[in-house]
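Undergrad: One structure, as structure tokens, below. Some questions next.
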Amino acid sequence: MLVRGKGIGCMWYGIGNTGLPNPAAAFVKVHIDGSVTVLAGCADIGQGSDTVLSQIVAETLGVTFDKVYIKSGDTEATPEGGATSASRQTYISGNACHFAALEAKENIVKVASEILKCDEEEVVLINNTAYKNGCEDKTITYKEIMLGLKSRGLLAIGKGQFNPSASALVENMQGIPYATYAFATHIAEVEVNTETGEVTVLKIVAAHDVGKAINKKNVEGQIEGGCLMGMGFALSEKLIINNGHMKNPDFNSYIIQTAQDMPEIYPIIVEEESGEGPFGAKGVGEPALIPAAPAIINAIYDAIGIRFTHLPLTADVVLDAIKKKEETK
Amino acid sequence: MKEFNVIGKNVIKKDAVDKVLGKAKFAADMKLPNMLVAGVKRSEVPSGKVININAEKAKKVPGVVSVLTYKDIPGENIIGIINKDEPILVEDKIRRIGDAIAIVAAEDESTLEKALELIEVEIEETQGVFTIEDALKEDSPKVHGDTNILAEKILKRGDVDAAFKKCDVIVENEYSTPVIAHMFIEPEATLANYEEGIITFYSSTQNPHYDRGEVARMLGITLNRVRSVQATTGGGFGGKLDISTQCHTALLAFYTNRPIKMVRSREESMKVSSKRHPHYMKFKTGATKDGKILATDVELLQDTGAYGSYGLAVITRSMVHAQGPYEIPNVRIRAKMVYTNNPMSGAMRGFGVPQVAIGHEGQMDALAEKLGIDPVEIRTKNCFQTGSVTATGQKLVDSIGIYETIKKAADKAEQIMDKEGK
């Protein structure tokens, strides 16, 4: 028999290292032609930090995304970014890049205000152009501003660093471990085959408070990948270790979830902006994984009335439990 | 809401086109003229003492350029991101299968394999510890120093024992989660080169600046003479936060003055990269009959395997998060993390939080059932709000979106999921 059930899982996740300083830094230079170079220590391991950091710099400077080149993770060129871990890089390296861009922008705004004959506060920088607030029809280009810097002997360079405002955990671990937290709720729908014990995840609704999504597609990608990894944690993954010997050190015997297991996933982005985050952003990398497995376990309970507490829930484990339950009836 | 021009927009990822076209260069794809390939001779026993390493036969194989052991390390032979307890090359004590004993650089792969086989390592195998229970015994063999306990901690707020007396319902459950592997798609690799007094290495890594520091200490040279570059990296999930191939390749480049490339096989990667800490957990949670949680009492046992890696971060983070995203006035979390001769546990996506979430979310549903209320309702009733105080005494004021995520997820699920539920 195929039986369906729904279950919920929630989580919270502190952004950055726990109760420890974990700064990051970045440099920004705007060139004479209006293109921009960012140097950031942050390692992009495929999660998209090069893209997100470039977006932050582009928005801050008022240039388009294509104008920004980023060099990351090269100790000869880039300042330290700390580990790409703890869901920290959008928040921490993001702020470092934001502050570096703000510093580089100072001379740009000053010169633009002189060319536009207005106060610095009135200068609007957008789409590689500048105009006086309210006079959108009279724009000057970034190149014109940069030539203005050149003739005045000025450069547009900036450095930025950021360390989240956390404090050490002291007696009984009291303190402020993180400056900010991400939150998430997943609701999963599963189908359990009571004859084989096999669990199929049909749908996952995944709502994540990320502060501010710098790149929505990237956030959705993290959420979808996290759901699949959470399914592996709940249903199939386990390294078998016998007296220190690993019995299944390969893809044939250590079973991860793949594209064919992908359920329908409905990512929902909640934006409770963080006061300290760049444009209000927090993080999503690890949060994406965490609520999926609890939601699946609770959905299995809803389907067959068995509360599992030891992972993973492979078909044999589920079938054994179903049989035991029937025997005790 | 403020309008943005680039923020919130779905710009195309910087690396997307090169990866889709297969043009991205990973460390394993990189080549330099005159380059050697390198590999590691590893322990096949989980616990033991090295009596003798004989590399004479290996050194005589034509095409073998260098064989190095711990004796060849000019600086410090100890690494670790938090507590430094792992040798780059074993001096005497074997703590796990896969411990690195010798490294070889050769002209080609088949010569390398032959040389690795010809290195003779005499090991006196000793009794190891493989369970947390055994590790905690007084008379157990010790993996490091004179205790197997890497850390033992308590987090406490309020008075859980008094609070349980006021609870109308209490649920107690034991939970466990297994050893999990990251399964990042690209195994670890490094290309190192030593030129003009500068060691340069390109690695698959999550933390190039940390790697620089470890290589500099190993060689006994200053940081400004080491250049660590992150090559295009095919995922990590925490598994590329430890040193993998960086120190071994850098040491061989330093000695041979030739470019060195080392690429792990999947099996080698699986055996020696860090794993998710297995957890054994007890949760006791109590609430009033109207569904307000008054207390939670949690005990965590965690196996960090042969080395600390990110273990100290995992114990702290898992404890801080064990209450879940709920306001609970009385909390006690006790945790122990132990060394064993199992594979090393370290950082993996979530640092202990995915494990404790199995506990706190299991408890929420168990409480809801006992109270006869809906699983969604018990969560909205207890979740953090602006002004809530956590178990560490932190007053939450910045960006508390948990209630919103529960409501929005529940509304969406209502629309798209089978109305009957079964």
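By order in the structure tokens, chains are A, B, ...; within a chain, residues start at 1; ligands start at 1, following the order shown.
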Where in region 168-215 of chain B does DSSP assign helix (DSSP H, G or I), given as a ChimeraX atom specification?
TA: /B:208-215
Undergrad: Okay, now the selection with N, CA and C atoms, as a short mmCIF file (atom, residue, chain, number, x, y, z; two decimals), in the first residue's frame?
TA:
data_model
loop_
_atom_site.label_atom_id
_atom_site.label_comp_id
_atom_site.auth_asym_id
_atom_site.auth_seq_id
_atom_site.Cartn_x
_atom_site.Cartn_y
_atom_site.Cartn_z
N PRO B 208 41.95 29.39 1.32
CA PRO B 208 43.35 29.51 0.86
C PRO B 208 44.27 30.21 1.86
N HIS B 209 43.76 31.15 2.64
CA HIS B 209 44.63 31.85 3.58
C HIS B 209 45.06 30.96 4.74
N TYR B 210 44.16 30.09 5.18
CA TYR B 210 44.54 29.11 6.21
C TYR B 210 45.62 28.17 5.67
N ASP B 211 45.42 27.71 4.43
CA ASP B 211 46.39 26.80 3.81
C ASP B 211 47.78 27.44 3.77
N ARG B 212 47.82 28.73 3.44
CA ARG B 212 49.11 29.44 3.39
C ARG B 212 49.84 29.36 4.73
N GLY B 213 49.10 29.58 5.80
CA GLY B 213 49.70 29.57 7.14
C GLY B 213 50.30 28.22 7.49
N GLU B 214 49.57 27.15 7.16
CA GLU B 214 50.05 25.81 7.51
C GLU B 214 51.30 25.45 6.70
N VAL B 215 51.31 25.82 5.42
CA VAL B 215 52.48 25.51 4.58
C VAL B 215 53.69 26.32 5.05
#
Undergrad: Could you pull the residues within 9 Å of region 259-274 of chain B, counting only C-alpha atoms, minus those fewer than 5 positions along the same chain, as a VMD selection string?
TA: (chain A and resid 245 to 246 249 to 251) or (chain B and resid 27 to 28 30 to 40 96 to 99 105 181 to 183 186 to 194 238 to 246 248 to 250 252 to 253 309 to 310 343 to 348)
Undergrad: Between region 2-34 of chain A and region 161-174 of chain A, at 6 Å or less, what are the per-residue closest atom pairs and their distances in Å? Count only C-alpha atoms, order by chain and rising residue number, and return it as JSON lines.
TA:
{"residue": "A:Gly19", "atom": "CA", "partner": "A:Ala168", "partner_atom": "CA", "distance": 4.4}
{"residue": "A:Asn22", "atom": "CA", "partner": "A:Asn163", "partner_atom": "CA", "distance": 5.8}
{"residue": "A:Pro23", "atom": "CA", "partner": "A:Asn163", "partner_atom": "CA", "distance": 4.1}
{"residue": "A:Ala24", "atom": "CA", "partner": "A:Gln161", "partner_atom": "CA", "distance": 5.6}
{"residue": "A:Ala25", "atom": "CA", "partner": "A:Gln161", "partner_atom": "CA", "distance": 4.2}
Undergrad: May I have the selected residues written with C-alpha atoms, as a short mmCIF file (atom, residue, chain, number, x, y, z; two decimals), in the first residue's frame?
TA:
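Just written: out-v2.cif:
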data_model
loop_
_atom_site.label_atom_id
_atom_site.label_comp_id
_atom_site.auth_asym_id
_atom_site.auth_seq_id
_atom_site.Cartn_x
_atom_site.Cartn_y
_atom_site.Cartn_z
CA GLY A 19 31.56 33.58 19.71
CA ASN A 22 36.00 36.00 12.09
CA PRO A 23 36.75 39.03 9.93
CA ALA A 24 37.02 39.33 6.17
CA ALA A 25 38.50 42.04 3.98
#
Undergrad: Closest to Val3 (chain A) among A:Ile240, A:Ile204, A:Val190, A:Met262, using only C-alpha atoms?
TA: A:Val190
Undergrad: Rank B:Glu44, B:Glu138, B:Glu56, B:Asp72 by their smallest atom-to-atom distance to Ile94 (chain B), using only C-alpha atoms, and report the top residue only.
TA: B:Glu44
Undergrad: So which residues touch region 44-60 of chain A within 9 Å, counting only C-alpha atoms, skipping near sequence neighbours fewer than 3 positions away, as a PyMOL selection string?
TA: (chain A and resi 28+36+38+40+63-73+84+89-90+93-95+97-102+105+125-127+214-215+218+221-222+278-279+285) or (chain B and resi 4-9+11-15+204-206+230+232-237)
Undergrad: For Ala130 (chain A), work out the shell of residues within 7 Å, counting only C-alpha atoms and skipping chain neighbours fewer than 6 positions away, then give it as a list in words.
TA: Val123, Val124, Thr139, Ile140, Thr141 and Tyr142 of chain A
Undergrad: For the residues in that selection, give me C-alpha atoms as a JSON list (two decimals), in the first residue's frame.
TA:
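Writing done, so here's part10.json:
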[["chain", "number", "residue", "atom", "x", "y", "z"],
["A", 123, "VAL", "CA", 24.52, 62.70, -6.68],
["A", 124, "VAL", "CA", 22.76, 59.58, -7.93],
["A", 139, "THR", "CA", 23.32, 62.39, -17.04],
["A", 140, "ILE", "CA", 27.06, 62.14, -17.23],
["A", 141, "THR", "CA", 28.89, 58.85, -17.79],
["A", 142, "TYR", "CA", 31.17, 57.05, -15.37]]
Undergrad: Ala77 (chain A): which residues within 10 Å, counting only C-alpha atoms, same-chain residues fewer than 2 positions away excluded, as a short mmCIF file (atom, residue, chain, number, x, y, z; two decimals) with N, CA and C atoms, in the first residue's frame?
TA:
data_model
loop_
_atom_site.label_atom_id
_atom_site.label_comp_id
_atom_site.auth_asym_id
_atom_site.auth_seq_id
_atom_site.Cartn_x
_atom_site.Cartn_y
_atom_site.Cartn_z
N PHE A 27 39.44 44.65 -1.28
CA PHE A 27 39.88 45.89 -1.92
C PHE A 27 39.04 46.11 -3.17
N LEU A 39 39.15 42.69 -5.20
CA LEU A 39 40.07 41.67 -4.68
C LEU A 39 39.52 41.22 -3.33
N ALA A 40 39.08 39.97 -3.26
CA ALA A 40 38.49 39.47 -2.02
C ALA A 40 39.06 38.10 -1.69
N GLY A 41 39.34 37.86 -0.43
CA GLY A 41 39.93 36.57 -0.02
C GLY A 41 38.96 35.41 -0.14
N LYS A 71 38.61 39.11 -8.42
CA LYS A 71 39.67 38.12 -8.21
C LYS A 71 39.52 37.68 -6.76
N SER A 72 39.33 36.38 -6.57
CA SER A 72 39.14 35.93 -5.19
C SER A 72 40.11 34.82 -4.83
N GLY A 73 40.40 34.69 -3.54
CA GLY A 73 41.15 33.54 -3.04
C GLY A 73 42.55 33.36 -3.59
N ASP A 74 43.33 34.43 -3.62
CA ASP A 74 44.74 34.33 -4.03
C ASP A 74 45.53 35.16 -3.02
N THR A 75 46.31 34.49 -2.18
CA THR A 75 46.93 35.20 -1.04
C THR A 75 47.93 36.27 -1.48
N PRO A 79 43.21 40.23 0.20
CA PRO A 79 43.31 40.19 1.66
C PRO A 79 42.51 39.00 2.20
N GLU A 80 42.65 38.70 3.47
CA GLU A 80 42.00 37.50 4.02
C GLU A 80 40.48 37.59 4.00
N ARG B 227 52.52 31.60 -1.57
CA ARG B 227 51.34 32.06 -2.29
C ARG B 227 50.37 30.90 -2.45
N SER B 228 49.22 31.04 -1.83
CA SER B 228 48.19 30.01 -1.89
C SER B 228 47.05 30.53 -2.76
N VAL B 229 46.78 29.80 -3.84
CA VAL B 229 45.74 30.23 -4.77
C VAL B 229 44.64 29.17 -4.80
#
Undergrad: Taking into account only C-alpha atoms, which residue in the set B:Glu377, B:Glu327, B:Asp168, B:Glu361 is nearest to chain A?
TA: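 Between B:Glu377, B:Glu327, B:Asp168, B:Glu361, the residue approaching chain A most closely is B:Glu361.
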